[in-house]
file model_28.cif (mmCIF, C-alpha atoms)
data_upload
loop_
_atom_site.label_atom_id
_atom_site.label_comp_id
_atom_site.auth_asym_id
_atom_site.auth_seq_id
_atom_site.Cartn_x
_atom_site.Cartn_y
_atom_site.Cartn_z
CA MET A 892 15.78 19.45 -86.70
CA LEU A 893 15.03 16.72 -84.14
CA PHE A 894 15.43 17.43 -80.45
CA GLU A 895 15.87 14.69 -77.89
CA THR A 896 13.11 14.76 -75.28
CA ARG A 897 13.67 13.09 -71.92
CA THR A 898 11.20 12.44 -69.15
CA SER A 899 11.60 13.90 -65.67
CA PRO A 900 13.49 14.15 -63.44
CA HIS A 901 15.77 16.39 -65.47
CA VAL A 902 18.04 17.19 -62.53
CA HIS A 903 18.71 14.67 -59.75
CA LEU A 904 21.22 14.04 -56.98
CA GLY A 905 22.94 11.12 -58.65
CA ASN A 906 21.10 8.47 -56.65
CA SER A 907 20.27 5.14 -58.23
CA VAL A 908 18.72 1.89 -57.09
CA ALA A 909 22.12 0.20 -57.16
CA LEU A 910 23.71 2.94 -55.03
CA VAL A 911 20.91 2.83 -52.46
CA MET A 912 21.03 -0.96 -52.22
CA ARG A 913 24.81 -0.99 -51.84
CA ARG A 914 24.55 1.52 -49.02
CA VAL A 915 21.99 -0.70 -47.28
CA LEU A 916 24.48 -3.58 -47.50
CA TYR A 917 27.25 -1.36 -46.14
CA ALA A 918 25.03 -0.36 -43.20
CA LEU A 919 24.19 -4.01 -42.53
CA ALA A 920 27.85 -5.04 -42.41
CA PRO A 921 28.62 -4.02 -38.77
CA GLY A 922 25.57 -5.87 -37.45
CA LEU A 923 26.39 -8.95 -39.51
CA LEU A 924 29.94 -9.00 -38.16
CA VAL A 925 28.65 -8.81 -34.58
CA LEU A 926 26.16 -11.62 -35.25
CA ILE A 927 28.98 -13.80 -36.59
CA VAL A 928 31.08 -13.12 -33.49
CA VAL A 929 28.18 -13.66 -31.07
CA PHE A 930 26.37 -16.58 -32.71
CA GLY A 931 29.12 -18.20 -34.74
CA PRO A 932 29.92 -18.79 -38.43
CA GLY A 933 26.50 -20.29 -39.08
CA VAL A 934 25.37 -16.72 -39.81
CA LEU A 935 27.91 -16.54 -42.64
CA VAL A 936 26.77 -19.90 -44.07
CA GLN A 937 23.14 -18.78 -44.04
CA LEU A 938 24.09 -15.51 -45.72
CA ALA A 939 25.94 -17.35 -48.50
CA LEU A 940 22.99 -19.72 -49.05
CA ALA A 941 20.51 -16.84 -49.15
CA ALA A 942 22.64 -14.81 -51.58
CA ALA A 943 23.14 -17.75 -53.96
CA THR A 944 19.43 -18.60 -53.89
CA ALA A 945 18.37 -14.99 -54.40
CA LEU A 946 20.64 -14.50 -57.42
CA ALA A 947 19.55 -17.82 -58.95
CA CYS A 948 15.84 -17.05 -58.50
CA GLU A 949 16.29 -13.48 -59.72
CA THR A 950 18.02 -14.75 -62.88
CA LEU A 951 15.33 -17.36 -63.50
CA MET A 952 12.48 -14.89 -63.12
CA LEU A 953 14.17 -12.28 -65.32
CA LEU A 954 14.62 -14.89 -68.04
CA LEU A 955 11.00 -16.01 -67.75
CA ARG A 956 9.82 -12.40 -67.88
CA ARG A 957 12.21 -11.62 -70.75
CA ARG A 958 13.94 -8.83 -68.88
CA PRO A 959 17.62 -7.90 -69.31
CA LEU A 960 19.83 -9.56 -66.73
CA ALA A 961 22.64 -7.06 -66.21
CA PRO A 962 20.71 -4.00 -64.92
CA PHE A 963 18.47 -5.97 -62.56
CA LEU A 964 21.12 -8.31 -61.20
CA GLY A 965 23.48 -5.37 -60.85
CA ASP A 966 21.13 -3.28 -58.70
CA ALA A 967 21.83 -5.56 -55.67
CA SER A 968 18.17 -5.56 -54.60
CA ALA A 969 18.11 -9.38 -54.53
CA LEU A 970 21.20 -9.39 -52.32
CA VAL A 971 19.54 -6.98 -49.88
CA THR A 972 16.52 -9.28 -49.61
CA ALA A 973 18.86 -12.22 -49.02
CA ALA A 974 20.83 -10.39 -46.33
CA LEU A 975 17.70 -9.25 -44.48
CA LEU A 976 16.30 -12.76 -44.44
CA ALA A 977 19.62 -14.28 -43.39
CA VAL A 978 19.75 -11.93 -40.39
CA ALA A 979 16.20 -12.84 -39.37
CA LEU A 980 16.55 -16.64 -39.57
CA PRO A 981 18.20 -18.96 -37.02
CA PRO A 982 21.95 -19.28 -37.75
CA LEU A 983 21.83 -23.08 -37.43
CA GLY A 984 18.58 -23.68 -39.30
CA PRO A 985 18.61 -26.42 -41.96
CA TRP A 986 19.79 -25.36 -45.42
CA TRP A 987 16.41 -25.86 -47.04
CA LEU A 988 14.82 -23.36 -44.66
CA ILE A 989 16.80 -20.36 -45.91
CA VAL A 990 16.60 -21.58 -49.52
CA LEU A 991 12.83 -21.96 -49.39
CA GLY A 992 12.28 -18.62 -47.67
CA THR A 993 14.55 -16.72 -50.05
CA ALA A 994 12.99 -18.34 -53.11
CA PHE A 995 9.51 -17.45 -51.88
CA ALA A 996 10.57 -13.86 -51.20
CA ILE A 997 12.09 -13.36 -54.67
CA VAL A 998 9.68 -15.36 -56.82
CA ILE A 999 6.33 -14.82 -55.11
CA ALA A 1000 6.62 -11.66 -53.02
CA LYS A 1001 8.70 -9.71 -55.55
CA HIS A 1002 8.39 -10.88 -59.15
CA LEU A 1003 4.82 -12.15 -59.03
CA TYR A 1004 3.77 -8.57 -58.30
CA GLY A 1005 5.85 -7.13 -61.15
CA GLY A 1006 9.35 -6.88 -59.70
CA LEU A 1007 11.16 -4.19 -57.75
CA GLY A 1008 9.00 -1.12 -57.19
CA TYR A 1009 5.68 -2.93 -57.49
CA ASN A 1010 5.69 -5.20 -54.43
CA PRO A 1011 3.09 -4.08 -51.85
CA PHE A 1012 4.79 -6.04 -49.06
CA ASN A 1013 8.38 -6.31 -47.89
CA PRO A 1014 9.62 -9.45 -49.72
CA ALA A 1015 12.03 -10.55 -46.98
CA MET A 1016 9.32 -10.38 -44.33
CA ILE A 1017 6.88 -12.31 -46.51
CA GLY A 1018 9.48 -15.07 -46.76
CA TYR A 1019 10.10 -14.93 -43.00
CA VAL A 1020 6.41 -15.14 -42.04
CA VAL A 1021 5.77 -18.01 -44.44
CA LEU A 1022 8.60 -19.96 -42.80
CA LEU A 1023 7.49 -19.06 -39.27
CA ILE A 1024 3.96 -20.30 -39.88
CA SER A 1025 5.02 -23.39 -41.84
CA PHE A 1026 8.03 -24.51 -39.78
CA PRO A 1027 7.69 -23.12 -36.23
CA LEU A 1028 10.05 -25.69 -34.68
CA GLU A 1029 12.95 -25.02 -37.04
CA MET A 1030 12.38 -21.26 -36.78
CA SER A 1031 12.59 -21.35 -32.98
CA THR A 1032 15.90 -23.25 -32.74
CA TRP A 1033 18.38 -20.41 -32.27
CA ALA A 1034 22.10 -20.70 -31.68
CA ALA A 1035 23.16 -19.85 -28.13
CA PRO A 1036 25.06 -16.55 -27.98
CA ARG A 1037 28.68 -16.53 -26.94
CA GLY A 1038 29.03 -16.75 -23.16
CA VAL A 1039 25.56 -18.20 -22.50
CA GLY A 1040 26.06 -21.85 -21.55
CA GLY A 1041 27.50 -24.53 -23.81
CA HIS A 1042 29.68 -23.17 -26.59
CA VAL A 1043 29.35 -21.40 -29.92
CA ALA A 1044 29.29 -23.84 -32.85
CA GLY A 1045 32.43 -23.74 -34.94
CA PHE A 1046 32.46 -23.75 -38.72
CA GLY A 1047 32.48 -27.56 -38.97
CA GLU A 1048 29.69 -27.97 -36.43
CA ALA A 1049 27.62 -25.31 -38.16
CA LEU A 1050 28.01 -27.04 -41.53
CA ALA A 1051 27.06 -30.39 -39.97
CA LEU A 1052 23.88 -28.98 -38.47
CA ILE A 1053 22.89 -26.85 -41.46
CA PHE A 1054 23.48 -29.46 -44.18
CA GLY A 1055 23.13 -32.63 -42.12
CA GLY A 1056 19.77 -31.72 -40.70
CA HIS A 1057 18.96 -31.61 -37.00
CA GLY A 1058 19.38 -35.33 -36.41
CA ASP A 1059 22.30 -34.80 -34.04
CA HIS A 1060 20.18 -33.65 -31.10
CA VAL A 1061 23.06 -33.88 -28.65
CA LEU A 1062 25.12 -31.38 -30.65
CA LEU A 1063 22.09 -29.20 -31.30
CA ASP A 1064 21.17 -29.04 -27.62
CA ALA A 1065 24.74 -28.07 -26.78
CA VAL A 1066 24.87 -25.08 -29.14
CA SER A 1067 21.28 -23.79 -29.11
CA SER A 1068 18.99 -21.98 -26.69
CA ALA A 1069 15.71 -20.07 -26.56
CA THR A 1070 15.75 -16.38 -27.45
CA PRO A 1071 15.28 -13.81 -24.65
CA LEU A 1072 11.81 -12.82 -25.89
CA ASP A 1073 10.71 -16.45 -26.16
CA THR A 1074 12.08 -17.21 -22.69
CA LEU A 1075 10.27 -14.23 -21.20
CA ARG A 1076 6.96 -15.09 -22.89
CA THR A 1077 7.14 -18.74 -21.79
CA GLN A 1078 8.05 -18.01 -18.18
CA LEU A 1079 5.45 -15.27 -17.80
CA GLY A 1080 2.88 -17.79 -18.99
CA LEU A 1081 3.97 -20.03 -16.11
CA GLY A 1082 3.25 -17.33 -13.57
CA GLN A 1083 6.76 -15.90 -13.11
CA THR A 1084 7.41 -12.17 -12.76
CA VAL A 1085 9.55 -10.20 -15.20
CA ALA A 1086 12.21 -9.56 -12.56
CA ALA A 1087 12.40 -13.23 -11.58
CA VAL A 1088 12.64 -14.38 -15.19
CA ARG A 1089 15.42 -11.91 -16.05
CA ALA A 1090 17.37 -12.74 -12.91
CA GLY A 1091 17.09 -16.49 -13.37
CA SER A 1092 18.28 -16.93 -16.95
CA PRO A 1093 21.69 -16.20 -18.52
CA VAL A 1094 20.08 -15.27 -21.85
CA PHE A 1095 19.32 -11.80 -20.46
CA GLY A 1096 21.99 -9.14 -20.53
CA TRP A 1097 22.34 -5.74 -18.91
CA ILE A 1098 19.64 -4.10 -21.05
CA GLY A 1099 18.21 -6.65 -23.46
CA GLY A 1100 19.19 -10.13 -24.52
CA SER A 1101 22.75 -11.25 -23.95
CA GLY A 1102 24.63 -10.83 -27.23
CA TRP A 1103 21.60 -9.31 -28.91
CA GLU A 1104 22.40 -5.98 -27.27
CA TRP A 1105 25.67 -5.63 -29.18
CA ALA A 1106 24.05 -6.67 -32.46
CA ASN A 1107 21.29 -4.09 -31.94
CA LEU A 1108 23.85 -1.38 -31.19
CA ALA A 1109 25.67 -2.25 -34.41
CA PHE A 1110 22.42 -2.14 -36.40
CA LEU A 1111 21.60 1.16 -34.71
CA GLY A 1112 24.90 2.62 -35.89
CA GLY A 1113 24.33 1.40 -39.44
CA GLY A 1114 20.75 2.63 -39.42
CA LEU A 1115 21.71 6.11 -38.26
CA TRP A 1116 24.30 6.26 -41.04
CA MET A 1117 21.58 5.36 -43.57
CA CYS A 1118 19.39 8.16 -42.24
CA GLN A 1119 22.31 10.59 -42.44
CA ARG A 1120 22.91 9.55 -46.05
CA ARG A 1121 19.14 9.79 -46.70
CA VAL A 1122 18.94 6.17 -47.71
CA ALA A 1123 16.28 5.66 -45.04
CA ALA A 1124 13.65 8.13 -43.82
CA TRP A 1125 14.34 9.00 -40.17
CA GLN A 1126 10.65 9.43 -39.38
CA ILE A 1127 9.92 5.70 -39.66
CA PRO A 1128 12.47 4.36 -37.12
CA ALA A 1129 11.77 7.36 -34.86
CA GLY A 1130 8.04 6.65 -34.95
CA MET A 1131 8.46 2.91 -34.46
CA LEU A 1132 11.00 2.94 -31.63
CA GLY A 1133 9.31 5.94 -29.99
CA ALA A 1134 5.88 4.27 -29.98
CA LEU A 1135 7.35 0.95 -28.81
CA ALA A 1136 9.17 2.70 -25.95
CA LEU A 1137 6.14 4.79 -25.02
CA ILE A 1138 3.56 2.02 -24.81
CA SER A 1139 5.95 -0.35 -23.04
CA THR A 1140 6.78 2.39 -20.51
CA VAL A 1141 3.09 2.96 -19.73
CA PHE A 1142 2.36 -0.71 -19.08
CA TRP A 1143 5.66 -1.31 -17.28
CA ILE A 1144 4.89 1.49 -14.83
CA ALA A 1145 1.34 0.20 -14.35
CA GLU A 1146 2.31 -3.45 -13.85
CA PRO A 1147 6.09 -4.08 -13.74
CA ALA A 1148 5.70 -7.72 -12.68
CA ARG A 1149 3.93 -8.60 -15.92
CA PHE A 1150 5.34 -6.24 -18.54
CA ALA A 1151 8.98 -5.77 -19.54
CA PRO A 1152 10.62 -2.32 -19.35
CA PRO A 1153 10.98 -0.18 -22.49
CA TRP A 1154 14.75 -0.61 -22.83
CA PHE A 1155 14.30 -4.38 -22.94
CA HIS A 1156 11.76 -4.15 -25.76
CA VAL A 1157 13.95 -1.79 -27.78
CA MET A 1158 17.21 -3.72 -27.32
CA SER A 1159 15.83 -7.26 -27.70
CA GLY A 1160 14.77 -9.17 -30.77
CA ALA A 1161 14.44 -7.40 -34.11
CA ALA A 1162 13.20 -3.99 -32.92
CA VAL A 1163 16.21 -1.89 -33.96
CA PHE A 1164 16.97 -4.03 -37.01
CA GLY A 1165 13.33 -3.85 -38.09
CA ALA A 1166 13.02 -0.12 -37.48
CA PHE A 1167 15.93 0.83 -39.74
CA PHE A 1168 16.23 -2.00 -42.27
CA ILE A 1169 12.75 -3.54 -42.62
CA ALA A 1170 10.20 -0.82 -41.95
CA THR A 1171 12.02 1.72 -44.14
CA ASP A 1172 11.61 -0.26 -47.36
CA PRO A 1173 10.88 2.60 -49.83
CA VAL A 1174 8.43 0.57 -51.91
CA SER A 1175 6.09 -0.84 -49.25
CA ALA A 1176 6.38 1.90 -46.60
CA SER A 1177 4.55 5.20 -46.33
CA THR A 1178 6.09 8.06 -48.34
CA THR A 1179 4.74 11.32 -46.89
CA PRO A 1180 6.55 12.97 -43.94
CA ARG A 1181 3.60 12.77 -41.52
CA GLY A 1182 2.60 9.42 -42.94
CA ARG A 1183 6.00 7.95 -42.16
CA LEU A 1184 5.67 8.91 -38.50
CA ILE A 1185 2.19 7.36 -38.32
CA TYR A 1186 3.35 4.28 -40.22
CA GLY A 1187 6.35 3.79 -37.91
CA ALA A 1188 4.26 4.37 -34.79
CA GLY A 1189 1.77 1.77 -35.98
CA ILE A 1190 4.55 -0.80 -36.34
CA GLY A 1191 5.83 0.00 -32.84
CA LEU A 1192 2.37 -0.35 -31.27
CA LEU A 1193 1.63 -3.59 -33.10
CA THR A 1194 5.04 -5.00 -32.18
CA TRP A 1195 4.34 -4.45 -28.48
CA LEU A 1196 0.83 -5.89 -28.74
CA ILE A 1197 2.06 -9.04 -30.49
CA ARG A 1198 4.96 -9.48 -28.08
CA SER A 1199 3.00 -8.84 -24.89
CA LEU A 1200 -0.48 -10.10 -25.69
CA GLY A 1201 -0.12 -12.21 -28.84
CA GLY A 1202 1.17 -15.67 -29.57
CA PHE A 1203 4.55 -14.79 -31.11
CA PRO A 1204 7.66 -13.74 -29.15
CA ASP A 1205 8.85 -10.96 -31.46
CA GLY A 1206 6.18 -9.61 -33.80
CA VAL A 1207 8.16 -7.11 -35.88
CA ALA A 1208 7.61 -8.98 -39.15
CA PHE A 1209 3.85 -9.27 -38.65
CA ALA A 1210 3.63 -5.63 -37.60
CA VAL A 1211 5.49 -4.47 -40.72
CA LEU A 1212 3.29 -6.51 -43.05
CA LEU A 1213 0.10 -5.25 -41.40
CA MET A 1214 1.26 -1.65 -41.76
CA ASN A 1215 2.28 -2.33 -45.39
CA LEU A 1216 -1.45 -2.85 -45.94
CA ALA A 1217 -2.22 0.49 -44.34
CA ALA A 1218 0.53 2.51 -46.06
CA PRO A 1219 -1.49 3.59 -49.15
CA THR A 1220 -4.37 4.80 -46.96
CA ILE A 1221 -1.99 6.64 -44.64
CA ASP A 1222 -0.40 8.38 -47.61
CA GLN A 1223 -3.79 9.32 -49.01
CA TYR A 1224 -4.77 11.17 -45.83
CA THR A 1225 -1.39 12.75 -45.11
CA LEU A 1226 -0.61 14.29 -48.49
CA PRO A 1227 0.90 17.78 -48.07
CA ARG A 1228 -1.63 20.49 -48.83
CA ALA A 1229 -0.87 22.85 -51.70
CA PHE A 1230 0.07 26.39 -50.74
CA GLY A 1231 -3.08 28.39 -50.17
CA ALA A 1232 -5.35 25.36 -50.35
CA GLY A 1233 -8.50 25.75 -48.32
CA ARG A 1234 -8.21 29.53 -48.06
CA ALA A 1235 -11.11 31.76 -49.04
#

call {"tool": "encode", "arguments": {"input": "model_28.cif", "output": "structure tokens"}}
result
Amino acid sequence: MLFETRTSPHVHLGNSVALVMRRVLYALAPGLLVLIVVFGPGVLVQLALAAATALACETLMLLLRRRPLAPFLGDASALVTAALLAVALPPLGPWWLIVLGTAFAIVIAKHLYGGLGYNPFNPAMIGYVVLLISFPLEMSTWAAPRGVGGHVAGFGEALALIFGGHGDHVLLDAVSSATPLDTLRTQLGLGQTVAAVRAGSPVFGWIGGSGWEWANLAFLGGGLWMCQRRVAAWQIPAGMLGALALISTVFWIAEPARFAPPWFHVMSGAAVFGAFFIATDPVSASTTPRGRLIYGAGIGLLTWLIRSLGGFPDGVAFAVLLMNLAAPTIDQYTLPRAFGAGRA
């Protein structure tokens, strides 16, 4: 008599890659809605372009690798990469920017390493960094948030700028502005104090960047829900945001004219979004309980260093990729000890 033998796990909680990825998309939804309200429908156009490109590239690579289409397209991992990249890129960037970045993320950063589960780096952040280094001008042209000078580009204006290029400089100047972190870095370089910069520009809100605060609160809510559903490990965002707040507090107390307060660092840029949706990537992040705290803290420290002392206004993407390199070593030295190990 033949008995069917299956590999472990023999009992599981019913989780699957598709379920986890769908929950990530659900958690992203509130933040995406706020971004659309604050920055205009260009966010929705970029999301559609990224999703279409991701699915097309995923299909092409699966065919080239002779893998079945249905299970891999149905797991929604390509859509998660597309959504993460769409959030990180300027809402009014030219169409080829999001297409190129998404294609690079799927083809090079994901499938060239063997597909989902084998990528040592977060694919979306690889795509983002490649674009930032290659096209710094296009990556720094952000839409002005609602209520900060000019007006928010409507659907027609967004389409004209995204697909017509940035030739209409009059329209672009009317609907775009520098980000809060970029404004702060530039003005501090000109000898201004933090208080003077924040008081003299409408891009700063009551805690962080105007408009960005609400988006970060929405991402915070979605991220906490993911932690509650155990889609994301709570230690990573706790370590990252805790370390970012701690080091920024120390330097703010020591020299408040030069360094921004901790609440500004946490509620500006991609700190909250990165802590819950980027750093927690289960493939490229640390996997041990203590290792996750160390991994997250490393991202927080590097983010502050890049923002405050480096040449880039945000730094979350670079910090995540650098800690992706360190994740295997962190896991190696934080493995839980077996019961009774080391005893005489």

call {"tool": "residues_around", "arguments": {"input": "model_28.cif", "residues": "segment 1118-1134 of chain A", "least_positions_apart": "3", "cutoff": "6 Å", "atoms": "all atoms listed in the file", "output": "list in words"}}
result
Leu1115, Leu1137, Ala1166, Phe1167, Thr1171, Arg1183, Leu1184, Gly1187, Ala1188, Ile1190, Gly1191 and Leu1192 of chain A

call {"tool": "resolve_selection", "arguments": {"input": "model_28.cif", "expression": "the PyMOL selection byres ((chain A and resi 1177) around 10)", "output": "list of chain:residue names"}}
result
A:Ala1124, A:Ile1127, A:Ala1170, A:Thr1171, A:Asp1172, A:Pro1173, A:Val1174, A:Ser1175, A:Ala1176, A:Thr1178, A:Thr1179, A:Pro1180, A:Arg1181, A:Gly1182, A:Arg1183, A:Leu1184, A:Ile1185, A:Tyr1186, A:Gly1187, A:Met1214, A:Asn1215, A:Ala1217, A:Ala1218, A:Pro1219, A:Thr1220, A:Ile1221, A:Asp1222, A:Gln1223, A:Thr1225

call {"tool": "atom_distance", "arguments": {"input": "model_28.cif", "atom1": "atom CA of Leu924 of chain A", "atom2": "atom CA of Ala969 of chain A"}}
result
20.2 Å

call {"tool": "closest_residue", "arguments": {"input": "model_28.cif", "among": "A:Val1039, A:Val1088, A:Ile1053, A:Ala1109", "to": "Gly933 of chain A", "atoms": "all atoms listed in the file"}}
result
A:Ile1053

call {"tool": "atom_distance", "arguments": {"input": "model_28.cif", "atom1": "atom CA of Gly1160 of chain A", "atom2": "atom CA of Leu1213 of chain A"}}
result
18.5 Å

call {"tool": "closest_residue", "arguments": {"input": "model_28.cif", "among": "A:Phe1054, A:Phe1046, A:Trp1195, A:Tyr1009", "to": "Ile989 of chain A", "atoms": "all atoms listed in the file"}}
result
A:Phe1054

call {"tool": "resolve_selection", "arguments": {"input": "model_28.cif", "expression": "the PyMOL selection byres ((chain A and resi 1048) around 10)", "output": "list in words"}}
result
Gly931, Pro932, Gly933, Leu983, Val1043, Ala1044, Gly1045, Phe1046, Gly1047, Ala1049, Leu1050, Ala1051, Leu1052, Ile1053, Gly1055, Leu1062, Leu1063 and Val1066 of chain A

call {"tool": "write_last_selection", "arguments": {"input": "model_28.cif", "atoms": "C-alpha atoms", "output": "PDB file, in the coordinates of the input"}}
result
ATOM      1  CA  GLY A 931      29.120 -18.200 -34.740  1.00  0.00           C
ATOM      2  CA  PRO A 932      29.920 -18.790 -38.430  1.00  0.00           C
ATOM      3  CA  GLY A 933      26.500 -20.290 -39.080  1.00  0.00           C
ATOM      4  CA  LEU A 983      21.830 -23.080 -37.430  1.00  0.00           C
ATOM      5  CA  VAL A1043      29.350 -21.400 -29.920  1.00  0.00           C
ATOM      6  CA  ALA A1044      29.290 -23.840 -32.850  1.00  0.00           C
ATOM      7  CA  GLY A1045      32.430 -23.740 -34.940  1.00  0.00           C
ATOM      8  CA  PHE A1046      32.460 -23.750 -38.720  1.00  0.00           C
ATOM      9  CA  GLY A1047      32.480 -27.560 -38.970  1.00  0.00           C
ATOM     10  CA  ALA A1049      27.620 -25.310 -38.160  1.00  0.00           C
ATOM     11  CA  LEU A1050      28.010 -27.040 -41.530  1.00  0.00           C
ATOM     12  CA  ALA A1051      27.060 -30.390 -39.970  1.00  0.00           C
ATOM     13  CA  LEU A1052      23.880 -28.980 -38.470  1.00  0.00           C
ATOM     14  CA  ILE A1053      22.890 -26.850 -41.460  1.00  0.00           C
ATOM     15  CA  GLY A1055      23.130 -32.630 -42.120  1.00  0.00           C
ATOM     16  CA  LEU A1062      25.120 -31.380 -30.650  1.00  0.00           C
ATOM     17  CA  LEU A1063      22.090 -29.200 -31.300  1.00  0.00           C
ATOM     18  CA  VAL A1066      24.870 -25.080 -29.140  1.00  0.00           C
TER      19      VAL A1066
END

call {"tool": "atom_distance", "arguments": {"input": "model_28.cif", "atom1": "atom CA of Thr1074 of chain A", "atom2": "atom CA of Pro1204 of chain A"}}
result
8.6 Å

call {"tool": "resolve_selection", "arguments": {"input": "model_28.cif", "expression": "the PyMOL selection byres ((chain A and resi 956-961) around 12)", "output": "ChimeraX atom specification"}}
result
/A:909,946-955,962-967,998,1002-1006

call {"tool": "residues_around", "arguments": {"input": "model_28.cif", "residues": "Ala1136 of chain A", "least_positions_apart": "6", "cutoff": "8 Å", "atoms": "all atoms listed in the file", "output": "JSON, numbers by chain"}}
result
{"A": [1153, 1154, 1156, 1157]}

call {"tool": "closest_residue", "arguments": {"input": "model_28.cif", "among": "A:Gly1202, A:Ala1208, A:Trp1105, A:Val928", "to": "Thr1077 of chain A", "atoms": "all atoms listed in the file"}}
result
A:Gly1202

call {"tool": "closest_residue", "arguments": {"input": "model_28.cif", "among": "A:Phe1203, A:Phe1168, A:Trp1143, A:Phe1209", "to": "Met1030 of chain A", "atoms": "all atoms listed in the file"}}
result
A:Phe1203

call {"tool": "closest_residue", "arguments": {"input": "model_28.cif", "among": "A:Val1020, A:Ile1138, A:Gly1100, A:Arg1228", "to": "Gly1206 of chain A", "atoms": "only C-alpha atoms"}}
result
A:Val1020

call {"tool": "residues_around", "arguments": {"input": "model_28.cif", "residues": "Ala942 of chain A", "least_positions_apart": "3", "cutoff": "7 Å", "atoms": "all atoms listed in the file", "output": "VMD selection string"}}
result
chain A and resid 938 to 939 945 to 946 970 973

call {"tool": "closest_residue", "arguments": {"input": "model_28.cif", "among": "A:Trp1116, A:Phe1110, A:Tyr1224, A:Phe1142", "to": "Gly1165 of chain A", "atoms": "all atoms listed in the file"}}
result
A:Phe1110

call {"tool": "decode", "arguments": {"input": "model_28.cif", "residues": "segment 930-935 of chain A", "atoms": "all heavy atoms", "output": "PDB file, in the first residue's frame"}}
result
ATOM      1  N   PHE A 930      -2.189  65.305  -2.914  1.00  0.00           N
ATOM      2  CA  PHE A 930      -1.317  65.622  -4.030  1.00  0.00           C
ATOM      3  C   PHE A 930      -1.999  65.528  -5.396  1.00  0.00           C
ATOM      4  O   PHE A 930      -1.378  65.816  -6.411  1.00  0.00           O
ATOM      5  CB  PHE A 930      -0.086  64.718  -4.017  1.00  0.00           C
ATOM      6  CG  PHE A 930       0.801  64.937  -2.838  1.00  0.00           C
ATOM      7  CD1 PHE A 930       0.798  64.057  -1.770  1.00  0.00           C
ATOM      8  CD2 PHE A 930       1.648  66.031  -2.773  1.00  0.00           C
ATOM      9  CE1 PHE A 930       1.610  64.251  -0.671  1.00  0.00           C
ATOM     10  CE2 PHE A 930       2.479  66.239  -1.682  1.00  0.00           C
ATOM     11  CZ  PHE A 930       2.459  65.352  -0.625  1.00  0.00           C
ATOM     12  N   GLY A 931      -3.238  65.095  -5.434  1.00  0.00           N
ATOM     13  CA  GLY A 931      -3.954  65.072  -6.689  1.00  0.00           C
ATOM     14  C   GLY A 931      -3.990  63.710  -7.361  1.00  0.00           C
ATOM     15  O   GLY A 931      -3.340  62.758  -6.910  1.00  0.00           O
ATOM     16  N   PRO A 932      -4.751  63.615  -8.465  1.00  0.00           N
ATOM     17  CA  PRO A 932      -4.942  62.323  -9.140  1.00  0.00           C
ATOM     18  C   PRO A 932      -3.711  61.796  -9.858  1.00  0.00           C
ATOM     19  O   PRO A 932      -3.739  60.685 -10.384  1.00  0.00           O
ATOM     20  CB  PRO A 932      -6.067  62.622 -10.132  1.00  0.00           C
ATOM     21  CG  PRO A 932      -5.982  64.091 -10.371  1.00  0.00           C
ATOM     22  CD  PRO A 932      -5.529  64.697  -9.080  1.00  0.00           C
ATOM     23  N   GLY A 933      -2.625  62.565  -9.889  1.00  0.00           N
ATOM     24  CA  GLY A 933      -1.393  62.047 -10.480  1.00  0.00           C
ATOM     25  C   GLY A 933      -0.919  60.793  -9.771  1.00  0.00           C
ATOM     26  O   GLY A 933      -0.311  59.913 -10.391  1.00  0.00           O
ATOM     27  N   VAL A 934      -1.199  60.695  -8.467  1.00  0.00           N
ATOM     28  CA  VAL A 934      -0.840  59.490  -7.704  1.00  0.00           C
ATOM     29  C   VAL A 934      -1.542  58.271  -8.285  1.00  0.00           C
ATOM     30  O   VAL A 934      -0.942  57.192  -8.438  1.00  0.00           O
ATOM     31  CB  VAL A 934      -1.224  59.665  -6.219  1.00  0.00           C
ATOM     32  CG1 VAL A 934      -0.954  58.374  -5.437  1.00  0.00           C
ATOM     33  CG2 VAL A 934      -0.491  60.841  -5.603  1.00  0.00           C
ATOM     34  N   LEU A 935      -2.817  58.432  -8.651  1.00  0.00           N
ATOM     35  CA  LEU A 935      -3.588  57.321  -9.213  1.00  0.00           C
ATOM     36  C   LEU A 935      -3.062  56.923 -10.587  1.00  0.00           C
ATOM     37  O   LEU A 935      -2.994  55.732 -10.923  1.00  0.00           O
ATOM     38  CB  LEU A 935      -5.062  57.726  -9.308  1.00  0.00           C
ATOM     39  CG  LEU A 935      -6.073  56.623  -9.584  1.00  0.00           C
ATOM     40  CD1 LEU A 935      -6.021  55.549  -8.507  1.00  0.00           C
ATOM     41  CD2 LEU A 935      -7.484  57.210  -9.679  1.00  0.00           C
TER      42      LEU A 935
END
